[in-house]
There are 2 protein chains.
Amino acid sequence: MSRIYQLGERKVIEIMMSYLDVMPKMLVPFWDDVSAVDLGRGRVGVLKTDMLVWSTDIPRRMTHFQAARKAVVMNISDLAAKGVRTTGILISFGLPKNLTEKEIIDLAKGMNAGAREYGAYVLGGDTNEAEQIIISGMAFGIGEKEKLMLRSGAKPRDILATTGTFGKTAAGFKILLEGLDAPADLRKSLVDTVFMPRAKVEEGVALAESGAVTASMDSSDGLALSLYDLSRSSGVGFRVDRLPAAPEARKFAELHNLELSALVLYGGEEYELVFTVNPERIEDAKQALRRVGGELIEIGEVTEEKEIVYKDEDQLKPIKAGGWEHFKF
Amino acid sequence: MSRIYQLGERKVIEIMMSYLDVMPKMLVPFWDDVSAVDLGRGRVGVLKTDMLVWSTDIPRRMTHFQAARKAVVMNISDLAAKGVRTTGILISFGLPKNLTEKEIIDLAKGMNAGAREYGAYVLGGDTNEAEQIIISGMAFGIGEKEKLMLRSGAKPRDILATTGTFGKTAAGFKILLEGLDAPADLRKSLVDTVFMPRAKVEEGVALAESGAVTASMDSSDGLALSLYDLSRSSGVGFRVDRLPAAPEARKFAELHNLELSALVLYGGEEYELVFTVNPERIEDAKQALRRVGGELIEIGEVTEEKEIVYKDEDQLKPIKAGGWEHFKF
């Protein structure tokens, strides 16, 4: 019988889903970033839960404050990708017996900071004994049914875009996990994106309000996997014409002779929004992002063929379904 | 500096809470069973998250199905104690790499069963790699603000009551964890309460509808600690005149020469509702429970003095603040 490490996370979820009764008229299907409950009068309660496990998700030099903050921010990011602001956060902690009072305080400060940065509040939580630190966050927000940006609406000829550049976290992980180095300034900027991720909440809400977006998700599993997820949910493919490489990632790639496209495509934990826009409405989407101090980076186009490719010096190369996935090695 | 095992769970939560910004006009205070968000028009979104950790929360012979089901049921129970039906469940799993496909399927079936038994649906989830199984459940339901049964409304001379008897889980844990034995029938009934707990959802909703209840919580930490929690939140004490001992617990106590009161008071994971009723409305509360096939067991009275005592053959004896608490040994 198969063991979990042979299956990979997506297969595990697929198996689990196949044994669940599906709520009639479920507003957001399985496989999207969030779940939703009908509140009536066109409103929906949007819910997300995601967990950080110390040994697998937390690089060694990350602090307790940063870890708890991130556990909050990553849940807020999923709501943001649907265009919804988080109202409240709940956290369930697993805590080892030898944790110090200072570490407890830092965890508390971190979860509070993560929520308050985005206008949300921690509403409650729970502690449990565990062998290592587990931080399971859940976010709740209220959205409008009509404005919810799902993964499923991308259409051929829509414009593929992101709210930011990619590659910094992949470089940051190479510094933290593989011991690669960089000049102090660059190093700090790269490592910071891992330790202090930002959720694109105002951007997500502005895009949803614009009505110009046809599909959206956050890129927490990396750009490549995000494209695969959007592809599966929308039944389309993508041609990436310009990789949205962060200048810092480019510098780091040159420094270590790494392939820039790999840093950009196969990183993860980036929390940028990856979305598709009705080409007739692209100016509306751009303006919406500008109004909140963001930017819209056009990176390519939605295609009828379900392939996912990128243009590398006029050559179309396949993007592999790789990136951050638990249980797959 | 203090370590967590010296502090105990309640102190850890107290420390954490003191570092959190409190949402203005928070509908349900910290320390209650659930959190809540205002939905407008008198309605509230009610939220709860609680986690099961395999090594500390799951007795050895409990199956994967039962563990996942319990992780769902214990969250549903907290909403039930406030008078709210659960609409949707999300689960975040930590899963070890060597888990088999059959175990994954059993976890999925268990969470689905736990939700469907109470009319709820699993709306989504998430898997993560961990060294042991972690099941973090979250429940969402919609309630009416005016009808929410908090921990804080008990008044002197209110009647103290429960939806059921106590002591079976404590006996069940003695069988499972300490190796005590019992005749097959008795054994099965005691162990079943640990493996297949039931949430008192219809009872909670009926009590809330009756408007007769002044305070309520579920007894997942045991009867004694529930009384301490209600006492703290309501600023009152309790005199328990009749311990609500389950006949099976009585038999087990006699069999092993155990103190019955200890099984009844200091068990846990029982998921009965412990609540207080306006004495002028006691018949309404009783009728409400009868209508859903439940029963109201009067066990004592709310007192002005903040002591918590029980009558043992006409002697008043103190109830200690003991029961199920993580991080306290």
# chains A, B, ... in the order shown; residues from 1 in each chain; ligands from 1
$ select_by_dssp --residues "range 70-296 of chain A" --states "strand (DSSP E)" --output "ChimeraX atom specification"
/A:88-95,121-129,134-144,159-162,213-218,237-240,273-277
$ interface_residues --of "chain A" --to "chain B" --cutoff "6 Å" --atoms "only C-alpha atoms" --output "list of chain:residue names"
A:Ser2, A:Arg3, A:Ile4, A:Tyr5, A:Met16, A:Tyr19, A:Leu20, A:Met23, A:Ser35, A:Asp50, A:Ser92, A:Lys97, A:Asn98, A:Leu99, A:Thr100, A:Glu101, A:Ala108, A:Lys109, A:Asn112, A:Tyr121, A:Leu123, A:Gly124, A:Glu129, A:His326
$ select_by_dssp --residues "range 228-272 of chain B" --states "helix (DSSP H, G or I)" --output "MDAnalysis selection string"
chainID B and resid 228:234 247:256 260:265
$ write_last_selection --atoms "N, CA and C atoms" --output "PDB file, in the first residue's frame"
ATOM      1  N   TYR B 228     -15.165  25.921  37.484  1.00  0.00           N
ATOM      2  CA  TYR B 228     -14.206  27.006  37.728  1.00  0.00           C
ATOM      3  C   TYR B 228     -14.241  28.043  36.607  1.00  0.00           C
ATOM      4  N   ASP B 229     -14.388  27.563  35.382  1.00  0.00           N
ATOM      5  CA  ASP B 229     -14.436  28.503  34.246  1.00  0.00           C
ATOM      6  C   ASP B 229     -15.696  29.365  34.299  1.00  0.00           C
ATOM      7  N   LEU B 230     -16.827  28.731  34.566  1.00  0.00           N
ATOM      8  CA  LEU B 230     -18.075  29.489  34.681  1.00  0.00           C
ATOM      9  C   LEU B 230     -17.995  30.460  35.853  1.00  0.00           C
ATOM     10  N   SER B 231     -17.380  30.011  36.945  1.00  0.00           N
ATOM     11  CA  SER B 231     -17.235  30.846  38.137  1.00  0.00           C
ATOM     12  C   SER B 231     -16.420  32.099  37.821  1.00  0.00           C
ATOM     13  N   ARG B 232     -15.295  31.912  37.138  1.00  0.00           N
ATOM     14  CA  ARG B 232     -14.458  33.050  36.791  1.00  0.00           C
ATOM     15  C   ARG B 232     -15.178  34.027  35.846  1.00  0.00           C
ATOM     16  N   SER B 233     -15.834  33.476  34.823  1.00  0.00           N
ATOM     17  CA  SER B 233     -16.474  34.346  33.829  1.00  0.00           C
ATOM     18  C   SER B 233     -17.706  35.050  34.390  1.00  0.00           C
ATOM     19  N   SER B 234     -18.423  34.401  35.305  1.00  0.00           N
ATOM     20  CA  SER B 234     -19.666  34.982  35.815  1.00  0.00           C
ATOM     21  C   SER B 234     -19.490  35.669  37.166  1.00  0.00           C
ATOM     22  N   PRO B 247     -24.379   5.835  35.841  1.00  0.00           N
ATOM     23  CA  PRO B 247     -24.468   4.509  36.475  1.00  0.00           C
ATOM     24  C   PRO B 247     -23.251   3.638  36.144  1.00  0.00           C
ATOM     25  N   GLU B 248     -22.772   3.727  34.905  1.00  0.00           N
ATOM     26  CA  GLU B 248     -21.615   2.921  34.506  1.00  0.00           C
ATOM     27  C   GLU B 248     -20.366   3.331  35.285  1.00  0.00           C
ATOM     28  N   ALA B 249     -20.239   4.632  35.569  1.00  0.00           N
ATOM     29  CA  ALA B 249     -19.089   5.107  36.345  1.00  0.00           C
ATOM     30  C   ALA B 249     -19.183   4.585  37.777  1.00  0.00           C
ATOM     31  N   ARG B 250     -20.414   4.571  38.300  1.00  0.00           N
ATOM     32  CA  ARG B 250     -20.635   4.051  39.659  1.00  0.00           C
ATOM     33  C   ARG B 250     -20.214   2.580  39.746  1.00  0.00           C
ATOM     34  N   LYS B 251     -20.660   1.792  38.766  1.00  0.00           N
ATOM     35  CA  LYS B 251     -20.280   0.366  38.729  1.00  0.00           C
ATOM     36  C   LYS B 251     -18.770   0.204  38.696  1.00  0.00           C
ATOM     37  N   PHE B 252     -18.128   0.995  37.827  1.00  0.00           N
ATOM     38  CA  PHE B 252     -16.676   0.899  37.658  1.00  0.00           C
ATOM     39  C   PHE B 252     -15.964   1.300  38.946  1.00  0.00           C
ATOM     40  N   ALA B 253     -16.472   2.336  39.612  1.00  0.00           N
ATOM     41  CA  ALA B 253     -15.863   2.797  40.867  1.00  0.00           C
ATOM     42  C   ALA B 253     -15.955   1.705  41.928  1.00  0.00           C
ATOM     43  N   GLU B 254     -17.129   1.053  41.996  1.00  0.00           N
ATOM     44  CA  GLU B 254     -17.299  -0.020  42.984  1.00  0.00           C
ATOM     45  C   GLU B 254     -16.358  -1.180  42.687  1.00  0.00           C
ATOM     46  N   LEU B 255     -16.274  -1.508  41.412  1.00  0.00           N
ATOM     47  CA  LEU B 255     -15.437  -2.626  40.962  1.00  0.00           C
ATOM     48  C   LEU B 255     -13.981  -2.452  41.375  1.00  0.00           C
ATOM     49  N   HIS B 256     -13.475  -1.227  41.276  1.00  0.00           N
ATOM     50  CA  HIS B 256     -12.057  -0.989  41.532  1.00  0.00           C
ATOM     51  C   HIS B 256     -11.823  -0.194  42.811  1.00  0.00           C
ATOM     52  N   LEU B 260     -15.957   7.612  43.490  1.00  0.00           N
ATOM     53  CA  LEU B 260     -16.860   7.983  42.396  1.00  0.00           C
ATOM     54  C   LEU B 260     -16.793   9.482  42.095  1.00  0.00           C
ATOM     55  N   SER B 261     -16.708  10.304  43.153  1.00  0.00           N
ATOM     56  CA  SER B 261     -16.716  11.763  42.940  1.00  0.00           C
ATOM     57  C   SER B 261     -15.527  12.201  42.085  1.00  0.00           C
ATOM     58  N   ALA B 262     -14.411  11.517  42.227  1.00  0.00           N
ATOM     59  CA  ALA B 262     -13.233  11.886  41.426  1.00  0.00           C
ATOM     60  C   ALA B 262     -13.476  11.586  39.949  1.00  0.00           C
ATOM     61  N   LEU B 263     -14.102  10.434  39.669  1.00  0.00           N
ATOM     62  CA  LEU B 263     -14.414  10.098  38.275  1.00  0.00           C
ATOM     63  C   LEU B 263     -15.376  11.142  37.687  1.00  0.00           C
ATOM     64  N   VAL B 264     -16.328  11.552  38.482  1.00  0.00           N
ATOM     65  CA  VAL B 264     -17.360  12.469  37.996  1.00  0.00           C
ATOM     66  C   VAL B 264     -16.807  13.886  37.816  1.00  0.00           C
ATOM     67  N   LEU B 265     -15.998  14.318  38.758  1.00  0.00           N
ATOM     68  CA  LEU B 265     -15.558  15.725  38.759  1.00  0.00           C
ATOM     69  C   LEU B 265     -14.313  15.977  37.924  1.00  0.00           C
TER      70      LEU B 265
END
$ atom_distance --atom1 "CA of Leu176 in chain B" --atom2 "CA of Pro59 in chain B"
6.7 Å
$ residues_around --residues "range 299-314 of chain A" --least-positions-apart "2" --cutoff "8 Å" --atoms "only C-alpha atoms" --output "list in words"
Ala154, Lys155, Pro156, Arg157, Asp158, Ile159, Leu160, Ala161, Thr162, Leu227, Tyr228, Ser231, Gly235, Val236, Gly237, Phe238, Arg239, Val240, Asp241, Arg242, Leu243, Pro244, Thr276, Ile297, Leu316, Lys317, Pro318, Ile319 and Lys320 of chain A
$ atom_distance --atom1 "CA of Val205 in chain B" --atom2 "CA of Ile282 in chain B"
16.0 Å
$ closest_residue --among "A:Arg281, A:Arg69, A:Arg60, A:Lys145" --to "Gly211 in chain A" --atoms "only C-alpha atoms"
A:Arg281
$ residues_around --residues "Lys70 in chain B" --least-positions-apart "6" --cutoff "7 Å" --atoms "only C-alpha atoms" --output "number ranges by chain"
B: 114, 196-197
$ atom_distance --atom1 "CA of Pro279 in chain A" --atom2 "CA of Gly167 in chain A"
26.5 Å
$ closest_residue --among "B:Leu223, B:Ala80, B:Ala285, B:Leu258" --to "Gly322 in chain B" --atoms "only C-alpha atoms"
B:Leu223
$ closest_residue --among "A:Asp284, A:Glu298, A:Glu259, A:Asp78" --to "Arg151 in chain A" --atoms "only C-alpha atoms"
A:Asp78
